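Shown below: structure.pdb, with PDB, C-alpha atoms.
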```pdb
ATOM      1  CA  MET V  95     -36.524  -6.692  37.913
ATOM      2  CA  MET V  96     -33.011  -6.148  39.172
ATOM      3  CA  SER V  97     -32.573  -3.785  42.090
ATOM      4  CA  SER V  98     -30.308  -0.754  41.952
ATOM      5  CA  LYS V  99     -27.743  -2.562  44.117
ATOM      6  CA  SER V 100     -27.682  -5.498  41.690
ATOM      7  CA  HIS V 101     -27.208  -3.074  38.777
ATOM      8  CA  LEU V 102     -24.367  -1.370  40.608
ATOM      9  CA  LEU V 103     -22.721  -4.697  41.455
ATOM     10  CA  MET V 104     -22.995  -5.852  37.839
ATOM     11  CA  TRP V 105     -21.337  -2.678  36.530
ATOM     12  CA  ILE V 106     -18.583  -2.968  39.152
ATOM     13  CA  ILE V 107     -17.879  -6.545  38.025
ATOM     14  CA  VAL V 108     -17.853  -5.474  34.358
ATOM     15  CA  PHE V 109     -15.526  -2.581  35.155
ATOM     16  CA  ILE V 110     -13.105  -4.758  37.144
ATOM     17  CA  THR V 111     -13.116  -7.441  34.422
ATOM     18  CA  ALA V 112     -12.406  -4.860  31.723
ATOM     19  CA  LEU V 113      -9.645  -3.375  33.873
ATOM     20  CA  LEU V 114      -7.997  -6.773  34.350
ATOM     21  CA  ILE V 115      -8.202  -7.561  30.640
ATOM     22  CA  ALA V 116      -6.720  -4.165  29.778
ATOM     23  CA  TYR V 117      -3.910  -4.697  32.306
ATOM     24  CA  GLN V 118      -3.057  -8.109  30.875
ATOM     25  CA  ALA V 119      -3.172  -6.829  27.298
ATOM     26  CA  ALA V 120      -1.424  -3.520  28.047
ATOM     27  CA  PRO V 121       1.905  -4.435  26.354
ATOM     28  CA  ARG V 122       0.116  -5.581  23.203
ATOM     29  CA  ILE V 123      -2.089  -2.498  23.190
ATOM     30  CA  ILE V 124       0.942  -0.226  23.576
ATOM     31  CA  ASP V 125       2.776  -2.063  20.776
ATOM     32  CA  TRP V 126      -0.288  -1.783  18.537
ATOM     33  CA  ILE V 127      -0.637   1.960  19.234
ATOM     34  CA  ARG V 128       3.060   2.455  18.558
ATOM     35  CA  PHE V 129       2.833   0.495  15.298
ATOM     36  CA  GLN V 130      -0.188   2.510  14.157
ATOM     37  CA  SER V 131       1.606   5.800  14.893
ATOM     38  CA  ILE V 132       5.403   5.719  14.945
ATOM     39  CA  GLY V 133       5.625   2.410  13.066
ATOM     40  CA  THR V 134       3.309   3.568  10.285
ATOM     41  CA  ARG V 135       5.150   6.880  10.077
ATOM     42  CA  ASP V 136       8.508   5.114   9.707
ATOM     43  CA  TYR V 137       7.071   2.751   7.105
ATOM     44  CA  ILE V 138       5.669   5.635   5.053
ATOM     45  CA  GLN V 139       8.955   7.518   5.295
ATOM     46  CA  LYS V 140      10.851   4.411   4.108
ATOM     47  CA  ARG V 141       8.559   4.006   1.116
ATOM     48  CA  LEU V 142       8.786   7.712   0.248
ATOM     49  CA  THR V 143      12.588   7.574   0.481
ATOM     50  CA  GLU V 144      12.581   4.611  -1.910
ATOM     51  CA  MET V 145      10.614   6.817  -4.320
ATOM     52  CA  ASN V 146      13.185   9.619  -3.824
ATOM     53  CA  ILE V 147      10.706  11.796  -1.924
ATOM     54  CA  ASP V 148      12.234  13.441   1.135
ATOM     55  CA  ILE V 149       9.728  14.406   3.852
ATOM     56  CA  PRO V 150      10.737  14.741   7.534
ATOM     57  CA  PRO V 151       9.153  12.148   9.860
ATOM     58  CA  GLU V 152       7.476  14.771  12.033
ATOM     59  CA  LYS V 153       5.706  16.216   8.985
ATOM     60  CA  ILE V 154       4.467  12.774   7.950
ATOM     61  CA  LEU V 155       2.872  12.256  11.367
ATOM     62  CA  LEU V 156       1.418  15.782  11.232
ATOM     63  CA  TYR V 157      -0.098  15.115   7.812
ATOM     64  CA  GLN V 158      -1.582  11.843   9.102
ATOM     65  CA  VAL V 159      -3.232  13.546  12.065
ATOM     66  CA  ALA V 160      -4.423  16.512  10.005
ATOM     67  CA  GLY V 161      -5.855  14.303   7.237
ATOM     68  CA  SER V 162      -7.647  12.090   9.738
ATOM     69  CA  LEU V 163      -9.180  15.029  11.618
ATOM     70  CA  LEU V 164     -10.183  16.885   8.443
ATOM     71  CA  LEU V 165     -11.886  13.833   6.936
ATOM     72  CA  GLY V 166     -13.671  13.089  10.214
ATOM     73  CA  ALA V 167     -14.791  16.717  10.572
ATOM     74  CA  LEU V 168     -16.019  16.829   6.964
ATOM     75  CA  VAL V 169     -18.109  13.660   7.327
ATOM     76  CA  PHE V 170     -19.364  14.822  10.744
ATOM     77  CA  THR V 171     -20.556  18.098   9.194
ATOM     78  CA  LEU V 172     -22.240  16.352   6.256
ATOM     79  CA  CYS V 173     -24.160  14.001   8.578
ATOM     80  CA  LEU V 174     -25.649  16.779  10.719
ATOM     81  CA  PRO V 175     -28.192  17.588  12.191
ATOM     82  CA  SER V 176     -28.377  14.022  13.573
ATOM     83  CA  LEU V 177     -25.649  14.200  16.221
ATOM     84  CA  LYS V 178     -25.453  10.448  16.857
ATOM     85  CA  VAL V 179     -25.160   9.590  13.160
ATOM     86  CA  ALA V 180     -22.625  12.373  12.652
ATOM     87  CA  ALA V 181     -20.523  11.182  15.597
ATOM     88  CA  PHE V 182     -20.566   7.550  14.422
ATOM     89  CA  PHE V 183     -19.638   8.225  10.810
ATOM     90  CA  GLY V 184     -17.253  11.025  11.792
ATOM     91  CA  LEU V 185     -15.247   8.710  14.052
ATOM     92  CA  LEU V 186     -15.350   5.951  11.437
ATOM     93  CA  SER V 187     -14.099   8.344   8.737
ATOM     94  CA  ALA V 188     -11.353   9.658  11.023
ATOM     95  CA  GLY V 189     -10.145   6.089  11.567
ATOM     96  CA  ILE V 190     -10.178   5.426   7.829
ATOM     97  CA  GLY V 191      -8.310   8.694   7.250
ATOM     98  CA  TRP V 192      -5.641   7.614   9.730
ATOM     99  CA  LEU V 193      -5.165   4.217   8.062
ATOM    100  CA  MET V 194      -5.428   5.424   4.449
ATOM    101  CA  PRO V 195      -1.902   6.898   3.873
ATOM    102  CA  LYS V 196      -0.148   3.509   4.160
ATOM    103  CA  PRO V 197      -2.061   1.691   1.367
ATOM    104  CA  VAL V 198      -1.927   4.843  -0.781
ATOM    105  CA  VAL V 199       1.867   5.039  -0.444
ATOM    106  CA  ASP V 200       2.108   1.282  -1.120
ATOM    107  CA  TYR V 201       0.051   1.741  -4.288
ATOM    108  CA  LEU V 202       2.262   4.586  -5.501
ATOM    109  CA  TYR V 203       5.393   2.550  -4.753
ATOM    110  CA  GLN V 204       4.105  -0.542  -6.598
ATOM    111  CA  ARG V 205       3.081   1.608  -9.558
ATOM    112  CA  ARG V 206       6.592   3.077  -9.704
ATOM    113  CA  VAL V 207       8.143  -0.411  -9.516
ATOM    114  CA  LYS V 208       5.913  -1.560 -12.377
ATOM    115  CA  GLN V 209       6.957   1.447 -14.473
ATOM    116  CA  PHE V 210      10.595   0.644 -13.728
ATOM    117  CA  VAL V 211      10.188  -3.012 -14.761
ATOM    118  CA  ASP V 212       8.337  -2.054 -17.956
ATOM    119  CA  GLN V 213      11.184   0.307 -18.862
ATOM    120  CA  MET V 214      13.810  -2.371 -18.191
ATOM    121  CA  VAL V 215      13.000  -4.049 -21.527
ATOM    122  CA  ASP V 216      14.127  -0.998 -23.524
ATOM    123  CA  ALA V 217      16.890  -0.124 -21.049
ATOM    124  CA  LEU V 218      18.512  -3.567 -21.159
ATOM    125  CA  GLY V 219      18.271  -3.603 -24.937
ATOM    126  CA  LEU V 220      20.035  -0.238 -25.001
ATOM    127  CA  MET V 221      22.715  -1.450 -22.592
ATOM    128  CA  SER V 222      23.217  -4.650 -24.598
ATOM    129  CA  ASN V 223      23.742  -2.713 -27.831
ATOM    130  CA  GLY V 224      26.132  -0.337 -26.069
ATOM    131  CA  MET V 225      28.218  -3.190 -24.638
ATOM    132  CA  LYS V 226      28.338  -4.889 -28.027
ATOM    133  CA  ALA V 227      29.811  -1.614 -29.288
ATOM    134  CA  GLY V 228      32.560  -1.827 -26.644
ATOM    135  CA  LEU V 229      31.159   0.149 -23.735
ATOM    136  CA  SER V 230      31.522  -0.915 -20.096
ATOM    137  CA  VAL V 231      28.563  -1.556 -17.802
ATOM    138  CA  ILE V 232      28.848   1.915 -16.271
ATOM    139  CA  GLN V 233      29.072   3.584 -19.681
ATOM    140  CA  ALA V 234      26.086   1.573 -20.914
ATOM    141  CA  MET V 235      24.119   2.724 -17.886
ATOM    142  CA  GLY V 236      25.086   6.272 -18.808
ATOM    143  CA  LEU V 237      23.267   5.731 -22.117
ATOM    144  CA  VAL V 238      20.133   4.762 -20.181
ATOM    145  CA  THR V 239      20.257   7.979 -18.138
ATOM    146  CA  GLN V 240      20.526   9.973 -21.369
ATOM    147  CA  GLU V 241      17.855   8.219 -23.412
ATOM    148  CA  MET V 242      15.279   6.822 -20.976
ATOM    149  CA  PRO V 243      12.642   8.678 -18.909
ATOM    150  CA  SER V 244      12.048   8.370 -15.154
ATOM    151  CA  PRO V 245      11.883   6.338 -12.994
ATOM    152  CA  ILE V 246      14.646   4.214 -14.528
ATOM    153  CA  GLN V 247      16.610   7.298 -15.556
ATOM    154  CA  GLU V 248      16.423   8.638 -12.020
ATOM    155  CA  GLU V 249      17.447   5.345 -10.381
ATOM    156  CA  PHE V 250      20.356   4.729 -12.745
ATOM    157  CA  SER V 251      21.551   8.316 -12.254
ATOM    158  CA  LEU V 252      21.621   7.772  -8.480
ATOM    159  CA  LEU V 253      23.451   4.488  -9.018
ATOM    160  CA  LEU V 254      26.098   6.189 -11.163
ATOM    161  CA  ASN V 255      26.506   8.962  -8.591
ATOM    162  CA  GLN V 256      27.093   6.365  -5.872
ATOM    163  CA  ASN V 257      29.723   4.722  -8.071
ATOM    164  CA  ARG V 258      31.482   8.045  -8.617
ATOM    165  CA  LEU V 259      31.566   8.558  -4.843
ATOM    166  CA  GLY V 260      33.499   5.317  -4.378
ATOM    167  CA  ALA V 261      30.905   2.548  -4.082
ATOM    168  CA  SER V 262      31.604  -0.564  -6.144
ATOM    169  CA  VAL V 263      29.301  -1.573  -8.980
ATOM    170  CA  GLU V 264      28.182  -4.652  -7.007
ATOM    171  CA  GLU V 265      27.257  -2.537  -3.975
ATOM    172  CA  CYS V 266      25.339  -0.094  -6.165
ATOM    173  CA  PHE V 267      23.348  -2.867  -7.809
ATOM    174  CA  ILE V 268      22.550  -4.517  -4.470
ATOM    175  CA  ALA V 269      21.284  -1.159  -3.174
ATOM    176  CA  LEU V 270      19.116  -0.878  -6.298
ATOM    177  CA  SER V 271      17.580  -4.328  -5.721
ATOM    178  CA  LYS V 272      16.700  -3.357  -2.134
ATOM    179  CA  LYS V 273      15.200  -0.058  -3.245
ATOM    180  CA  VAL V 274      13.204  -1.377  -6.214
ATOM    181  CA  VAL V 275      11.843  -4.688  -4.928
ATOM    182  CA  SER V 276      11.002  -6.865  -7.922
ATOM    183  CA  ASP V 277      11.871 -10.322  -9.224
ATOM    184  CA  GLU V 278      13.010  -8.830 -12.525
ATOM    185  CA  VAL V 279      15.342  -6.345 -10.835
ATOM    186  CA  GLU V 280      16.694  -9.089  -8.556
ATOM    187  CA  MET V 281      17.380 -11.278 -11.590
ATOM    188  CA  PHE V 282      19.152  -8.414 -13.375
ATOM    189  CA  VAL V 283      21.288  -7.509 -10.357
ATOM    190  CA  THR V 284      22.224 -11.126  -9.603
ATOM    191  CA  SER V 285      23.203 -11.756 -13.220
ATOM    192  CA  VAL V 286      25.417  -8.684 -13.413
ATOM    193  CA  ASN V 287      27.159  -9.362 -10.088
ATOM    194  CA  ILE V 288      27.811 -13.046 -10.884
ATOM    195  CA  LEU V 289      29.119 -12.391 -14.389
ATOM    196  CA  LYS V 290      31.392  -9.572 -13.209
ATOM    197  CA  GLU V 291      33.022 -12.010 -10.758
ATOM    198  CA  THR V 292      33.149 -15.127 -12.959
ATOM    199  CA  GLY V 293      33.395 -13.516 -16.389
ATOM    200  CA  GLY V 294      30.917 -13.892 -19.222
ATOM    201  CA  ASN V 295      29.075 -12.110 -21.981
ATOM    202  CA  LEU V 296      26.916  -9.495 -20.299
ATOM    203  CA  ALA V 297      25.398  -8.336 -23.581
ATOM    204  CA  GLU V 298      23.945 -11.791 -24.300
ATOM    205  CA  THR V 299      22.761 -12.062 -20.690
ATOM    206  CA  PHE V 300      20.940  -8.736 -21.020
ATOM    207  CA  ASP V 301      19.269  -9.980 -24.218
ATOM    208  CA  THR V 302      18.110 -13.118 -22.399
ATOM    209  CA  ILE V 303      16.776 -11.122 -19.446
ATOM    210  CA  THR V 304      14.986  -8.789 -21.858
ATOM    211  CA  VAL V 305      13.186 -11.745 -23.476
ATOM    212  CA  LEU V 306      12.240 -13.171 -20.081
ATOM    213  CA  ILE V 307      10.887  -9.845 -18.801
ATOM    214  CA  ARG V 308       8.943  -9.255 -22.013
ATOM    215  CA  GLU V 309       7.321 -12.688 -21.837
ATOM    216  CA  ARG V 310       6.572 -12.244 -18.136
ATOM    217  CA  ILE V 311       4.865  -8.903 -18.824
ATOM    218  CA  LYS V 312       2.749 -10.565 -21.535
ATOM    219  CA  VAL V 313       1.660 -13.343 -19.172
ATOM    220  CA  GLU V 314       0.835 -10.857 -16.412
ATOM    221  CA  GLY V 315      -1.232  -8.822 -18.871
ATOM    222  CA  LYS V 316      -3.229 -11.900 -19.914
ATOM    223  CA  ILE V 317      -3.833 -12.841 -16.272
ATOM    224  CA  ARG V 318      -5.008  -9.308 -15.432
ATOM    225  CA  ALA V 319      -7.393  -9.399 -18.392
ATOM    226  CA  LEU V 320      -8.818 -12.759 -17.284
ATOM    227  CA  THR V 321      -9.235 -11.764 -13.629
ATOM    228  CA  ALA V 322     -10.492  -8.212 -14.206
ATOM    229  CA  SER V 323     -14.046  -9.441 -14.844
ATOM    230  CA  ALA V 324     -14.218 -11.377 -11.569
ATOM    231  CA  PHE V 325     -12.669  -8.484  -9.635
ATOM    232  CA  TRP V 326     -15.142  -5.881 -10.873
ATOM    233  CA  GLN V 327     -18.078  -8.228 -10.370
ATOM    234  CA  GLY V 328     -17.018  -8.457  -6.743
ATOM    235  CA  MET V 329     -16.670  -4.674  -6.504
ATOM    236  CA  ILE V 330     -20.183  -4.184  -7.902
ATOM    237  CA  LEU V 331     -21.606  -6.649  -5.377
ATOM    238  CA  MET V 332     -19.807  -4.759  -2.598
ATOM    239  CA  CYS V 333     -21.572  -1.564  -3.688
ATOM    240  CA  VAL V 334     -25.041  -3.134  -3.290
ATOM    241  CA  PRO V 335     -25.381  -2.763   0.548
ATOM    242  CA  PRO V 336     -24.464   0.958   0.730
ATOM    243  CA  PHE V 337     -26.569   1.661  -2.384
ATOM    244  CA  MET V 338     -29.593  -0.063  -0.856
ATOM    245  CA  ALA V 339     -29.042   1.807   2.427
ATOM    246  CA  VAL V 340     -29.087   5.152   0.588
ATOM    247  CA  VAL V 341     -32.200   4.226  -1.420
ATOM    248  CA  MET V 342     -34.113   3.012   1.640
ATOM    249  CA  SER V 343     -33.029   6.055   3.670
ATOM    250  CA  GLN V 344     -34.522   8.310   1.011
ATOM    251  CA  SER V 345     -37.679   6.274   0.371
ATOM    252  CA  ASP V 346     -38.504   5.186   3.943
ATOM    253  CA  PRO V 347     -36.446   7.186   6.459
ATOM    254  CA  GLU V 348     -38.572   6.132   9.452
ATOM    255  CA  THR V 349     -37.790   2.453   8.911
ATOM    256  CA  MET V 350     -34.067   3.144   8.521
ATOM    257  CA  ALA V 351     -33.886   5.568  11.468
ATOM    258  CA  PRO V 352     -33.130   2.871  14.113
ATOM    259  CA  MET V 353     -30.136   1.774  12.033
ATOM    260  CA  PHE V 354     -28.490   5.152  12.627
ATOM    261  CA  GLU V 355     -29.916   6.121  16.006
ATOM    262  CA  THR V 356     -29.682   3.001  18.193
ATOM    263  CA  PRO V 357     -26.692   1.062  19.572
ATOM    264  CA  LEU V 358     -27.913  -2.112  17.831
ATOM    265  CA  GLY V 359     -28.064  -0.253  14.523
ATOM    266  CA  TRP V 360     -24.552   1.116  15.021
ATOM    267  CA  ALA V 361     -23.288  -2.392  15.774
ATOM    268  CA  MET V 362     -24.939  -3.659  12.586
ATOM    269  CA  LEU V 363     -23.374  -0.824  10.574
ATOM    270  CA  ALA V 364     -19.959  -1.581  12.056
ATOM    271  CA  GLY V 365     -20.458  -5.258  11.141
ATOM    272  CA  VAL V 366     -21.385  -4.331   7.577
ATOM    273  CA  VAL V 367     -18.306  -2.134   7.225
ATOM    274  CA  LEU V 368     -16.097  -4.897   8.640
ATOM    275  CA  LEU V 369     -17.574  -7.479   6.270
ATOM    276  CA  GLU V 370     -17.132  -5.100   3.321
ATOM    277  CA  VAL V 371     -13.453  -4.647   4.168
ATOM    278  CA  ILE V 372     -12.949  -8.398   4.560
ATOM    279  CA  ALA V 373     -14.764  -9.011   1.264
ATOM    280  CA  TYR V 374     -12.479  -6.553  -0.537
ATOM    281  CA  PHE V 375      -9.312  -8.265   0.666
ATOM    282  CA  VAL V 376     -10.730 -11.729  -0.102
ATOM    283  CA  ILE V 377     -11.613 -10.640  -3.650
ATOM    284  CA  ARG V 378      -8.152  -9.132  -4.113
ATOM    285  CA  LYS V 379      -6.560 -12.327  -2.820
ATOM    286  CA  ILE V 380      -8.599 -14.553  -5.127
ATOM    287  CA  THR V 381      -8.062 -12.431  -8.252
ATOM    288  CA  THR V 382      -4.341 -11.780  -7.674
ATOM    289  CA  ILE V 383      -2.129 -14.428  -9.258
ATOM    290  CA  ASP V 384       1.644 -14.205  -8.911
ATOM    291  CA  VAL V 385       3.640 -15.091 -12.001
TER
END
```
Can you present the structure in this file as structure tokens?
Amino acid sequence: MMSSKSHLLMWIIVFITALLIAYQAAPRIIDWIRFQSIGTRDYIQKRLTEMNIDIPPEKILLYQVAGSLLLGALVFTLCLPSLKVAAFFGLLSAGIGWLMPKPVVDYLYQRRVKQFVDQMVDALGLMSNGMKAGLSVIQAMGLVTQEMPSPIQEEFSLLLNQNRLGASVEECFIALSKKVVSDEVEMFVTSVNILKETGGNLAETFDTITVLIRERIKVEGKIRALTASAFWQGMILMCVPPFMAVVMSQSDPETMAPMFETPLGWAMLAGVVLLEVIAYFVIRKITTIDV
């Protein structure tokens, strides 16, 4: 057996090694902490601004901290009276709560972009008919703000307000393409800006874009229908490990106790969670096909 001096020497070596590694990686660690706090806050604020939601940056960070602590405290309370299990799952839930706002905001933004693109078919048809009747591009966009619902009504209203304040039509459309990031919007903006400089029939161009967007939406719908089965099969398989853990914890708690009460068990749980997260992103990557 190792003597107490050998134990002490080993821990000193481990401590010094960890200190040296931390010193060498300090800039990266600081950058990572900054990205996970200030960087994430700025990213969320940018996405919310693109959805026309105005929340001060300090409130966003406050909501992040509060949501993380509340989720961690809730899970900690539910896992009592086992203090070790409660601490493990409480910290894990707090970390998830801290990271959750970014993908949630991304989901809301992508859903809004999809709604905008779906509405472009009717909006461009309306603009094409208005221009065939002799209206200008700005006047045709005014028809969209009167007849169409949000989000396209909201975005076109902001675009018209910018034009009234002195911005050119080209600048307004470029701002729209940066705010609503989509291939369809980029195609629409590029077509309008080129034809306004070189001359051409915008009404016919809008009809062509409408056909292209409609066909693209059909293809995307078929792809989603074909990949939905594989995606949900993967999701069901991902639910098997936690389901089995719950069943075995209820049927044979003594056998499952080391999983929640020993360092080796915690490491195994952390590995399972990590593999579940990796599996989710792999499944999403496989079943997501860009058109």
Assuming the chain letters and numbering stay as they are in my file, what does the PyMOL selection byres ((chain V and resi 245) around 10) actually select? List them as an mmCIF file with C-alpha atoms, in the coordinates of the input.
```cif
data_model
loop_
_atom_site.group_PDB
_atom_site.id
_atom_site.type_symbol
_atom_site.label_atom_id
_atom_site.label_comp_id
_atom_site.auth_asym_id
_atom_site.auth_seq_id
_atom_site.Cartn_x
_atom_site.Cartn_y
_atom_site.Cartn_z
ATOM 1 C CA MET V 145 10.614 6.817 -4.320
ATOM 2 C CA ASN V 146 13.185 9.619 -3.824
ATOM 3 C CA ARG V 206 6.592 3.077 -9.704
ATOM 4 C CA VAL V 207 8.143 -0.411 -9.516
ATOM 5 C CA LYS V 208 5.913 -1.560 -12.377
ATOM 6 C CA GLN V 209 6.957 1.447 -14.473
ATOM 7 C CA PHE V 210 10.595 0.644 -13.728
ATOM 8 C CA VAL V 211 10.188 -3.012 -14.761
ATOM 9 C CA GLN V 213 11.184 0.307 -18.862
ATOM 10 C CA THR V 239 20.257 7.979 -18.138
ATOM 11 C CA MET V 242 15.279 6.822 -20.976
ATOM 12 C CA PRO V 243 12.642 8.678 -18.909
ATOM 13 C CA SER V 244 12.048 8.370 -15.154
ATOM 14 C CA ILE V 246 14.646 4.214 -14.528
ATOM 15 C CA GLN V 247 16.610 7.298 -15.556
ATOM 16 C CA GLU V 248 16.423 8.638 -12.020
ATOM 17 C CA GLU V 249 17.447 5.345 -10.381
ATOM 18 C CA PHE V 250 20.356 4.729 -12.745
ATOM 19 C CA SER V 251 21.551 8.316 -12.254
#
```
Name the residues that the PyMOL selection byres ((chain V and resi 252-267) around 10) pulls out of this structure, and write them as a list of chain:residue names. V:Asn146, V:Val231, V:Ile232, V:Gln233, V:Met235, V:Gly236, V:Thr239, V:Ile246, V:Gln247, V:Glu248, V:Glu249, V:Phe250, V:Ser251, V:Ile268, V:Ala269, V:Leu270, V:Ser271, V:Lys272, V:Lys273, V:Val279, V:Glu280, V:Phe282, V:Val283, V:Thr284, V:Val286, V:Asn287, V:Ile288, V:Lys290, V:Glu291
Report, in Å with one decimal, the straight-line distance from CA of Cys173 (chain V) to CA of Ser343 (chain V). 12.9 Å
Expected axis-aligned box over every listed atom of region 196-211 of chain V, 4 Å added per side, centre plus edges in Å to one decimal, as AutoDock Vina command-line options:
```
--center_x 4.3 --center_y 1.0 --center_z -5.3 --size_x 20.7 --size_y 16.1 --size_z 26.9
```
Excluding region 352-364 of chain V and residues on its chain fewer than 5 positions from it, collect all residues at most 8 Å away from it, counting all atoms listed in the file, and give them as a list of chain:residue names.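 The neighbour list is V:Lys178, V:Val179, V:Phe182.
Distance-wise, CA of Pro150 (chain V) and CA of Thr134 (chain V) end up 13.7 Å apart.
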Report as CSV the residues of region 129-247 of chain V within 9 Å of region 297-312 of chain V, each with its shortest atom pair and distance in Å (one decimal), using all atoms listed in the file, ordered by chain and increasing residue number.
```
residue,atom,partner,partner_atom,distance
V:Val211,CA,V:Ile307,CA,8.0
V:Asp212,CA,V:Ile311,CA,7.7
V:Met214,CA,V:Thr304,CA,7.5
V:Val215,CA,V:Thr304,CA,5.1
V:Asp216,CA,V:Thr304,CA,8.0
V:Ala217,CA,V:Thr304,CA,8.9
V:Leu218,CA,V:Phe300,CA,5.7
V:Gly219,CA,V:Asp301,CA,6.5
V:Met221,CA,V:Ala297,CA,7.5
V:Ser222,CA,V:Ala297,CA,4.4
V:Asn223,CA,V:Ala297,CA,7.2
V:Gly224,CA,V:Ala297,CA,8.4
V:Met225,CA,V:Ala297,CA,6.0
V:Lys226,CA,V:Ala297,CA,6.3
```
Using the chain letters and residue numbers of this document, give as a PyMOL selection string the residues selected by the PyMOL selection byres ((chain V and resi 187-203) around 10). chain V and resi 130-131+134-135+137-139+141-142+144-145+154-155+157-170+181-186+204-209+274-275
